[in-house]
Structure formats: structure tokens, C-alpha cells
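One file, run_22.pdb, carrying PDB, C-alpha atoms:
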ATOM      1  CA  MET E   1       0.000   0.000   0.000  1.00  0.00           C
ATOM      2  CA  GLY E   2       2.620   2.521  -1.060  1.00  0.00           C
ATOM      3  CA  TRP E   3       1.638   4.575  -4.074  1.00  0.00           C
ATOM      4  CA  GLU E   4      -2.088   3.728  -3.866  1.00  0.00           C
ATOM      5  CA  PHE E   5      -2.540   5.727  -0.674  1.00  0.00           C
ATOM      6  CA  ALA E   6      -0.681   8.726  -2.122  1.00  0.00           C
ATOM      7  CA  ALA E   7      -2.792   8.588  -5.295  1.00  0.00           C
ATOM      8  CA  LEU E   8      -6.001   8.368  -3.244  1.00  0.00           C
ATOM      9  CA  LEU E   9      -4.908  11.293  -1.063  1.00  0.00           C
ATOM     10  CA  ILE E  10      -4.021  13.452  -4.061  1.00  0.00           C
ATOM     11  CA  GLY E  11      -7.331  12.542  -5.738  1.00  0.00           C
ATOM     12  CA  ALA E  12      -9.269  13.537  -2.609  1.00  0.00           C
ATOM     13  CA  LEU E  13      -7.417  16.852  -2.435  1.00  0.00           C
ATOM     14  CA  VAL E  14      -8.163  17.608  -6.090  1.00  0.00           C
ATOM     15  CA  VAL E  15     -11.869  16.789  -5.618  1.00  0.00           C
ATOM     16  CA  SER E  16     -11.974  18.974  -2.489  1.00  0.00           C
ATOM     17  CA  LEU E  17     -10.329  21.834  -4.374  1.00  0.00           C
ATOM     18  CA  MET E  18     -12.752  21.538  -7.290  1.00  0.00           C
ATOM     19  CA  LEU E  19     -15.807  21.496  -5.013  1.00  0.00           C
ATOM     20  CA  GLY E  20     -14.498  24.512  -3.093  1.00  0.00           C
ATOM     21  CA  LEU E  21     -14.012  26.454  -6.321  1.00  0.00           C
ATOM     22  CA  TRP E  22     -17.517  25.479  -7.426  1.00  0.00           C
ATOM     23  CA  GLN E  23     -18.954  26.758  -4.121  1.00  0.00           C
ATOM     24  CA  GLN E  24     -17.051  30.038  -4.430  1.00  0.00           C
ATOM     25  CA  SER E  25     -18.284  30.564  -7.991  1.00  0.00           C
ATOM     26  CA  ARG E  26     -21.898  29.995  -6.897  1.00  0.00           C
ATOM     27  CA  TYR E  27     -21.445  32.606  -4.154  1.00  0.00           C
ATOM     28  CA  ALA E  28     -19.872  35.060  -6.615  1.00  0.00           C
ATOM     29  CA  ARG E  29     -22.777  34.539  -9.047  1.00  0.00           C
ATOM     30  CA  SER E  30     -25.263  35.304  -6.242  1.00  0.00           C
ATOM     31  CA  VAL E  31     -23.453  38.510  -5.295  1.00  0.00           C
ATOM     32  CA  ASN E  32     -23.107  39.599  -8.932  1.00  0.00           C
ATOM     33  CA  ALA E  33     -26.818  38.960  -9.551  1.00  0.00           C
ATOM     34  CA  MET E  34     -27.710  41.183  -6.574  1.00  0.00           C
ATOM     35  CA  VAL E  35     -25.379  43.894  -7.862  1.00  0.00           C
ATOM     36  CA  ARG E  36     -26.935  43.786 -11.342  1.00  0.00           C
ATOM     37  CA  GLN E  37     -30.487  43.796  -9.999  1.00  0.00           C
ATOM     38  CA  HIS E  38     -30.051  46.577  -7.427  1.00  0.00           C
ATOM     39  CA  HIS E  39     -27.355  48.752  -8.981  1.00  0.00           C
ATOM     40  CA  GLY E  40     -27.909  52.456  -8.435  1.00  0.00           C
ATOM     41  CA  ALA E  41     -26.739  55.619  -6.768  1.00  0.00           C
ATOM     42  CA  GLY E  42     -26.886  55.502  -2.991  1.00  0.00           C
ATOM     43  CA  ARG E  43     -27.172  51.726  -2.791  1.00  0.00           C
ATOM     44  CA  LEU E  44     -24.592  49.694  -0.943  1.00  0.00           C
ATOM     45  CA  LEU E  45     -24.040  45.943  -0.974  1.00  0.00           C
ATOM     46  CA  VAL E  46     -22.619  44.541   2.261  1.00  0.00           C
ATOM     47  CA  THR E  47     -22.007  40.964   3.324  1.00  0.00           C
ATOM     48  CA  GLY E  48     -21.310  39.225   6.590  1.00  0.00           C
ATOM     49  CA  ARG E  49     -20.770  35.707   7.804  1.00  0.00           C
ATOM     50  CA  GLY E  50     -21.587  33.920  10.994  1.00  0.00           C
ATOM     51  CA  LEU E  51     -19.784  30.704  11.758  1.00  0.00           C
ATOM     52  CA  GLY E  52     -21.096  27.953  13.975  1.00  0.00           C
ATOM     53  CA  LYS E  53     -19.781  24.527  14.949  1.00  0.00           C
ATOM     54  CA  LEU E  54     -21.684  22.675  12.240  1.00  0.00           C
ATOM     55  CA  LYS E  55     -23.416  25.314  10.134  1.00  0.00           C
ATOM     56  CA  GLY E  56     -22.516  28.717   8.836  1.00  0.00           C
ATOM     57  CA  THR E  57     -24.498  31.636   7.480  1.00  0.00           C
ATOM     58  CA  ILE E  58     -23.643  34.317   4.951  1.00  0.00           C
ATOM     59  CA  VAL E  59     -25.881  37.382   4.694  1.00  0.00           C
ATOM     60  CA  MET E  60     -25.928  39.660   1.628  1.00  0.00           C
ATOM     61  CA  LEU E  61     -27.753  42.969   2.084  1.00  0.00           C
ATOM     62  CA  VAL E  62     -28.472  45.832  -0.309  1.00  0.00           C
ATOM     63  CA  VAL E  63     -28.962  49.042   1.656  1.00  0.00           C
ATOM     64  CA  ASP E  64     -30.518  52.238   0.321  1.00  0.00           C
ATOM     65  CA  ASP E  65     -28.179  54.681   2.029  1.00  0.00           C
ATOM     66  CA  SER E  66     -30.411  57.746   1.863  1.00  0.00           C
ATOM     67  CA  ALA E  67     -33.457  55.974   3.353  1.00  0.00           C
ATOM     68  CA  ASP E  68     -31.365  53.769   5.701  1.00  0.00           C
ATOM     69  CA  GLN E  69     -33.417  50.745   4.594  1.00  0.00           C
ATOM     70  CA  VAL E  70     -32.485  47.217   3.590  1.00  0.00           C
ATOM     71  CA  ILE E  71     -34.136  46.825   0.172  1.00  0.00           C
ATOM     72  CA  ALA E  72     -32.854  43.332  -0.695  1.00  0.00           C
ATOM     73  CA  ALA E  73     -31.522  40.494   1.416  1.00  0.00           C
ATOM     74  CA  GLN E  74     -30.306  36.979   0.751  1.00  0.00           C
ATOM     75  CA  VAL E  75     -29.077  34.346   3.169  1.00  0.00           C
ATOM     76  CA  LEU E  76     -26.783  31.460   2.343  1.00  0.00           C
ATOM     77  CA  ARG E  77     -27.128  28.953   5.184  1.00  0.00           C
ATOM     78  CA  GLY E  78     -25.913  25.422   5.491  1.00  0.00           C
ATOM     79  CA  SER E  79     -23.210  22.976   6.421  1.00  0.00           C
ATOM     80  CA  THR E  80     -22.269  21.683   2.977  1.00  0.00           C
ATOM     81  CA  ILE E  81     -21.082  23.126  -0.301  1.00  0.00           C
ATOM     82  CA  PHE E  82     -24.565  22.593  -1.706  1.00  0.00           C
ATOM     83  CA  ALA E  83     -26.061  25.487   0.302  1.00  0.00           C
ATOM     84  CA  ALA E  84     -27.688  28.062  -1.972  1.00  0.00           C
ATOM     85  CA  ALA E  85     -28.541  31.732  -1.441  1.00  0.00           C
ATOM     86  CA  LYS E  86     -32.221  32.303  -0.728  1.00  0.00           C
ATOM     87  CA  ASP E  87     -34.243  35.490  -0.405  1.00  0.00           C
ATOM     88  CA  ALA E  88     -34.746  36.656   3.189  1.00  0.00           C
ATOM     89  CA  PRO E  89     -37.795  38.946   3.312  1.00  0.00           C
ATOM     90  CA  GLN E  90     -37.660  39.032   7.128  1.00  0.00           C
ATOM     91  CA  LEU E  91     -34.466  41.118   6.886  1.00  0.00           C
ATOM     92  CA  LEU E  92     -36.030  43.861   4.742  1.00  0.00           C
ATOM     93  CA  GLY E  93     -36.762  47.154   6.470  1.00  0.00           C
ATOM     94  CA  PRO E  94     -34.947  49.707   8.618  1.00  0.00           C
ATOM     95  CA  VAL E  95     -31.257  49.118   9.255  1.00  0.00           C
ATOM     96  CA  ALA E  96     -31.644  50.173  12.901  1.00  0.00           C
ATOM     97  CA  THR E  97     -33.881  47.199  13.733  1.00  0.00           C
ATOM     98  CA  LEU E  98     -32.026  44.651  11.590  1.00  0.00           C
ATOM     99  CA  PRO E  99     -30.251  42.730  14.410  1.00  0.00           C
ATOM    100  CA  GLY E 100     -33.603  42.002  16.066  1.00  0.00           C
ATOM    101  CA  ARG E 101     -34.861  40.286  12.919  1.00  0.00           C
ATOM    102  CA  ALA E 102     -31.953  37.819  12.710  1.00  0.00           C
ATOM    103  CA  GLY E 103     -33.796  34.703  13.859  1.00  0.00           C
ATOM    104  CA  ASP E 104     -30.772  32.625  14.930  1.00  0.00           C
ATOM    105  CA  LYS E 105     -27.284  33.034  16.371  1.00  0.00           C
ATOM    106  CA  GLN E 106     -25.281  32.574  13.151  1.00  0.00           C
ATOM    107  CA  THR E 107     -27.491  34.989  11.217  1.00  0.00           C
ATOM    108  CA  GLY E 108     -27.093  37.502  14.053  1.00  0.00           C
ATOM    109  CA  LYS E 109     -23.299  37.239  13.798  1.00  0.00           C
ATOM    110  CA  ALA E 110     -23.491  37.637  10.026  1.00  0.00           C
ATOM    111  CA  ILE E 111     -25.687  40.728  10.380  1.00  0.00           C
ATOM    112  CA  GLU E 112     -23.267  42.255  12.899  1.00  0.00           C
ATOM    113  CA  MET E 113     -20.402  41.772  10.455  1.00  0.00           C
ATOM    114  CA  ALA E 114     -22.430  43.249   7.577  1.00  0.00           C
ATOM    115  CA  LEU E 115     -23.393  46.271   9.697  1.00  0.00           C
ATOM    116  CA  SER E 116     -19.766  46.911  10.637  1.00  0.00           C
ATOM    117  CA  GLN E 117     -18.909  46.741   6.923  1.00  0.00           C
ATOM    118  CA  LEU E 118     -21.739  49.208   6.219  1.00  0.00           C
ATOM    119  CA  LYS E 119     -20.418  51.592   8.877  1.00  0.00           C
ATOM    120  CA  ALA E 120     -16.890  51.419   7.414  1.00  0.00           C
ATOM    121  CA  THR E 121     -18.196  51.952   3.869  1.00  0.00           C
ATOM    122  CA  ARG E 122     -20.209  54.980   4.956  1.00  0.00           C
ATOM    123  CA  ALA E 123     -17.186  56.465   6.746  1.00  0.00           C
ATOM    124  CA  ARG E 124     -14.994  55.914   3.689  1.00  0.00           C
ATOM    125  CA  THR E 125     -17.597  57.522   1.419  1.00  0.00           C
ATOM    126  CA  ARG E 126     -17.924  60.504   3.764  1.00  0.00           C
ATOM    127  CA  ASP E 127     -14.131  60.944   3.836  1.00  0.00           C
ATOM    128  CA  ASN E 128     -13.981  60.912   0.030  1.00  0.00           C
ATOM    129  CA  ARG E 129     -16.708  63.556  -0.166  1.00  0.00           C
ATOM    130  CA  ILE E 130     -14.860  65.775   2.275  1.00  0.00           C
ATOM    131  CA  ARG E 131     -11.497  65.256   0.547  1.00  0.00           C
ATOM    132  CA  ASP E 132     -12.916  65.958  -2.924  1.00  0.00           C
ATOM    133  CA  ASN E 133     -15.042  68.925  -1.755  1.00  0.00           C
ATOM    134  CA  LYS E 134     -18.136  67.606  -3.487  1.00  0.00           C
ATOM    135  CA  VAL E 135     -20.664  70.414  -3.444  1.00  0.00           C
ATOM    136  CA  ASN E 136     -23.692  70.527  -5.748  1.00  0.00           C
ATOM    137  CA  ASN E 137     -22.211  67.706  -7.854  1.00  0.00           C
ATOM    138  CA  ASN E 138     -19.210  69.910  -8.662  1.00  0.00           C
ATOM    139  CA  VAL E 139     -16.025  68.062  -7.883  1.00  0.00           C
ATOM    140  CA  VAL E 140     -13.047  70.168  -7.007  1.00  0.00           C
ATOM    141  CA  SER E 141     -10.185  67.828  -6.309  1.00  0.00           C
ATOM    142  CA  THR E 142      -7.828  68.802  -3.532  1.00  0.00           C
ATOM    143  CA  PRO E 143      -4.528  67.035  -3.076  1.00  0.00           C
ATOM    144  CA  VAL E 144      -4.297  64.544  -0.279  1.00  0.00           C
ATOM    145  CA  PRO E 145      -1.609  65.614   2.177  1.00  0.00           C
ATOM    146  CA  SER E 146       1.381  63.320   2.009  1.00  0.00           C
ATOM    147  CA  ALA E 147       3.727  62.340   4.770  1.00  0.00           C
ATOM    148  CA  VAL E 148       7.013  64.189   4.899  1.00  0.00           C
ATOM    149  CA  GLY E 149       9.722  62.191   3.196  1.00  0.00           C
ATOM    150  CA  ALA E 150       7.321  59.494   1.954  1.00  0.00           C
ATOM    151  CA  ARG E 151       7.746  58.336  -1.618  1.00  0.00           C
ATOM    152  CA  ARG E 152       4.965  57.025  -3.732  1.00  0.00           C
ATOM    153  CA  LYS E 153       5.734  54.347  -6.257  1.00  0.00           C
ATOM    154  CA  VAL E 154       4.002  54.824  -9.601  1.00  0.00           C
ATOM    155  CA  GLN E 155       3.309  51.768 -11.708  1.00  0.00           C
ATOM    156  CA  ARG E 156       3.214  52.076 -15.476  1.00  0.00           C
TER     157      ARG E 156
END
Kindly present the structure from the file in C-alpha cells form.
Amino acid sequence: MGWEFAALLIGALVVSLMLGLWQQSRYARSVNAMVRQHHGAGRLLVTGRGLGKLKGTIVMLVVDDSADQVIAAQVLRGSTIFAAAKDAPQLLGPVATLPGRAGDKQTGKAIEMALSQLKATRARTRDNRIRDNKVNNNVVSTPVPSAVGARRKVQR
């Protein structure tokens, strides 16, 4: 039982790799479909994951930033690679009350992660507006202050 075990082990690793890539492509297709369907100004897509001992949950939320409302939500829940994203109408509504509508522990963790991503995205957007002096849709670009003695590498 010399080379047979090695061949079996390598075969199992290749199958595991292929199934993992298939799962990742299904997730990417779900996210891309949400982006295509809900693309627009003032809409943000955030995701979060909640891990458990046997099952995990991934939450994908589209938030209308001006209304502070979740306008689309999908949940990918399961313990195998065959889990598929499903619509989650219970998560639609105001962002402020979103954690209370989680339903279970893993979804709650996923929502917390998505909300922290939303907060960071909003802060980054606000900083860009301040830096670019966006007023009345007129963009006047101001240089970003650089550190003294810092060099910036330009790729061509």
C-alpha cells in the first residue's frame, strides 16, 4: 500500500479543491446577480458571515443609504457546499432594527459583520466627499496631504 494511498490522497485533495471552487463561484454569481439587480446611486451591498460549529451563514444585504433601509436580502445557510442563497424577506426594512430580525445566532453574527462593513463603507464615502469637496455635484479635487519624506511608487 505505497503509491495507492498517495494517489487516493491526491485525488481527494483535487476533488476537495474543485468542489471549493464550485462553491465560491456559486457565491460570486449570487453577489453579482444582486449587484446587477439593485445597482444604483446611494445603494450599498454589504455581506457578513456567521460561523457555527456545524453550520454557517452568509448574509448579503443591499442598503438604500439615503433611506437607511435594507431593500434586498439573501441568506446562504448550510453545512455543505450545496447550500444556496435564498431570499430573506424578514431582513427587509430599517437598518436600525435589523439585528432584532436575525432569527438565529449565526445569522445575528453575520448581520453584525455586515453592519460593521456598512459603517466602514459609509465612513470611507464621507471621507472621500470631504477630501474631494463635493458640493452641488461639482467636484473640485484637492490634493491629499502626504507624509514628509514618503515616496509614492508609480506603476506604469
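Environment of (-31.3, 31.2, -5.0): residues at most 9 Å away, judged by only C-alpha atoms, are Ser30, Gln74, Leu76, Ala84, Ala85, Lys86 and Asp87 of chain E.
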List the spatial neighbours of region 16-19 of chain E as JSON, numbers by chain - criterion: any atom at most 12 Å away, only C-alpha atoms, same-chain residues fewer than 6 positions off excluded.
{"E": [9, 10, 25, 26, 80, 81, 82]}
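Residues captured in this structure file are Arg43, Leu44, Leu45, Leu61, Val62, Val63, Asp64, Asp65, Ala67, Asp68, Gln69, Ile71, Ala72, Ala73, Pro89, Leu91, Leu92, Gly93, Pro94, Val95, Ala96 and Leu98 of chain E, according to the PyMOL selection byres ((chain E and resi 70) around 10).
Atom pair CA of Thr107 (chain E) / CA of Val35 (chain E) has a distance of 21.2 Å (rounded to one decimal).
CA of Ala123 (chain E) sits 16.6 Å away from CA of Ala41 (chain E).
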Could you write out as number ranges by chain the residues that the PyMOL selection byres ((chain E and resi 47) around 8) matches in the shown file?
E: 45-46, 48-49, 58-61, 110-111, 113-114, 117
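Taking CA of Met34 (chain E) and CA of Ala102 (chain E) as the two end points, the separation is 20.0 Å.
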For a cut-off of 10 Å around (-21.8, 25.5, 12.5), file coordinates, pick out all residues using only C-alpha atoms and list them as a ChimeraX atom specification.
/E:50-57,77-79,106
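Compared by their closest atoms to Thr125 (chain E), and using all atoms listed in the file, the residues E:Gly42, E:Asn32, E:Ala83, E:Gly103 rank with E:Gly42 nearest.
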Take region 8-19 of chain E, bring it up to all heavy atoms, and give me the output as a CSV table (one decimal), in the frame of the given file.
chain,number,residue,atom,x,y,z
E,8,LEU,N,-4.7,8.1,-3.8
E,8,LEU,CA,-6.0,8.4,-3.2
E,8,LEU,C,-6.0,9.7,-2.5
E,8,LEU,O,-7.0,10.5,-2.7
E,8,LEU,CB,-6.4,7.2,-2.3
E,8,LEU,CG,-7.8,7.3,-1.7
E,8,LEU,CD1,-8.8,7.1,-2.8
E,8,LEU,CD2,-7.9,6.2,-0.7
E,9,LEU,N,-5.0,10.0,-1.8
E,9,LEU,CA,-4.9,11.3,-1.1
E,9,LEU,C,-4.9,12.5,-2.0
E,9,LEU,O,-5.6,13.5,-1.9
E,9,LEU,CB,-3.7,11.3,-0.2
E,9,LEU,CG,-3.5,12.5,0.7
E,9,LEU,CD1,-4.6,12.6,1.7
E,9,LEU,CD2,-2.2,12.5,1.5
E,10,ILE,N,-4.1,12.4,-3.1
E,10,ILE,CA,-4.0,13.5,-4.1
E,10,ILE,C,-5.4,13.6,-4.8
E,10,ILE,O,-5.8,14.7,-5.0
E,10,ILE,CB,-2.9,13.2,-5.0
E,10,ILE,CG1,-1.5,13.4,-4.3
E,10,ILE,CG2,-3.0,14.1,-6.3
E,10,ILE,CD1,-0.3,13.0,-5.1
E,11,GLY,N,-6.0,12.5,-5.1
E,11,GLY,CA,-7.3,12.5,-5.7
E,11,GLY,C,-8.4,13.2,-4.8
E,11,GLY,O,-9.2,14.0,-5.3
E,12,ALA,N,-8.3,12.9,-3.5
E,12,ALA,CA,-9.3,13.5,-2.6
E,12,ALA,C,-9.0,15.0,-2.5
E,12,ALA,O,-10.0,15.8,-2.4
E,12,ALA,CB,-9.2,12.9,-1.2
E,13,LEU,N,-7.7,15.4,-2.5
E,13,LEU,CA,-7.4,16.9,-2.4
E,13,LEU,C,-7.9,17.6,-3.7
E,13,LEU,O,-8.4,18.7,-3.6
E,13,LEU,CB,-5.9,17.0,-2.2
E,13,LEU,CG,-5.4,16.7,-0.8
E,13,LEU,CD1,-3.9,16.7,-0.8
E,13,LEU,CD2,-6.0,17.6,0.2
E,14,VAL,N,-7.7,17.0,-4.8
E,14,VAL,CA,-8.2,17.6,-6.1
E,14,VAL,C,-9.7,17.8,-6.1
E,14,VAL,O,-10.2,18.8,-6.5
E,14,VAL,CB,-7.7,16.8,-7.3
E,14,VAL,CG1,-8.3,17.3,-8.6
E,14,VAL,CG2,-6.2,16.9,-7.4
E,15,VAL,N,-10.4,16.7,-5.7
E,15,VAL,CA,-11.9,16.8,-5.6
E,15,VAL,C,-12.3,17.9,-4.6
E,15,VAL,O,-13.2,18.7,-4.9
E,15,VAL,CB,-12.5,15.4,-5.2
E,15,VAL,CG1,-13.9,15.5,-4.9
E,15,VAL,CG2,-12.3,14.4,-6.4
E,16,SER,N,-11.7,17.9,-3.5
E,16,SER,CA,-12.0,19.0,-2.5
E,16,SER,C,-11.7,20.4,-3.1
E,16,SER,O,-12.6,21.3,-2.9
E,16,SER,CB,-11.1,18.8,-1.2
E,16,SER,OG,-11.3,19.8,-0.3
E,17,LEU,N,-10.6,20.5,-3.8
E,17,LEU,CA,-10.3,21.8,-4.4
E,17,LEU,C,-11.4,22.2,-5.4
E,17,LEU,O,-11.9,23.3,-5.4
E,17,LEU,CB,-8.9,21.8,-5.0
E,17,LEU,CG,-8.5,23.0,-5.8
E,17,LEU,CD1,-8.3,24.2,-4.8
E,17,LEU,CD2,-7.3,22.8,-6.6
E,18,MET,N,-11.8,21.3,-6.2
E,18,MET,CA,-12.8,21.5,-7.3
E,18,MET,C,-14.1,21.9,-6.7
E,18,MET,O,-14.8,22.8,-7.1
E,18,MET,CB,-12.9,20.3,-8.2
E,18,MET,CG,-11.6,20.0,-9.0
E,18,MET,SD,-11.0,21.4,-10.0
E,18,MET,CE,-12.2,21.4,-11.2
E,19,LEU,N,-14.5,21.2,-5.7
E,19,LEU,CA,-15.8,21.5,-5.0
E,19,LEU,C,-15.8,22.9,-4.3
E,19,LEU,O,-16.7,23.6,-4.3
E,19,LEU,CB,-16.2,20.4,-4.0
E,19,LEU,CG,-16.6,19.1,-4.7
E,19,LEU,CD1,-16.8,18.0,-3.6
E,19,LEU,CD2,-17.8,19.2,-5.5
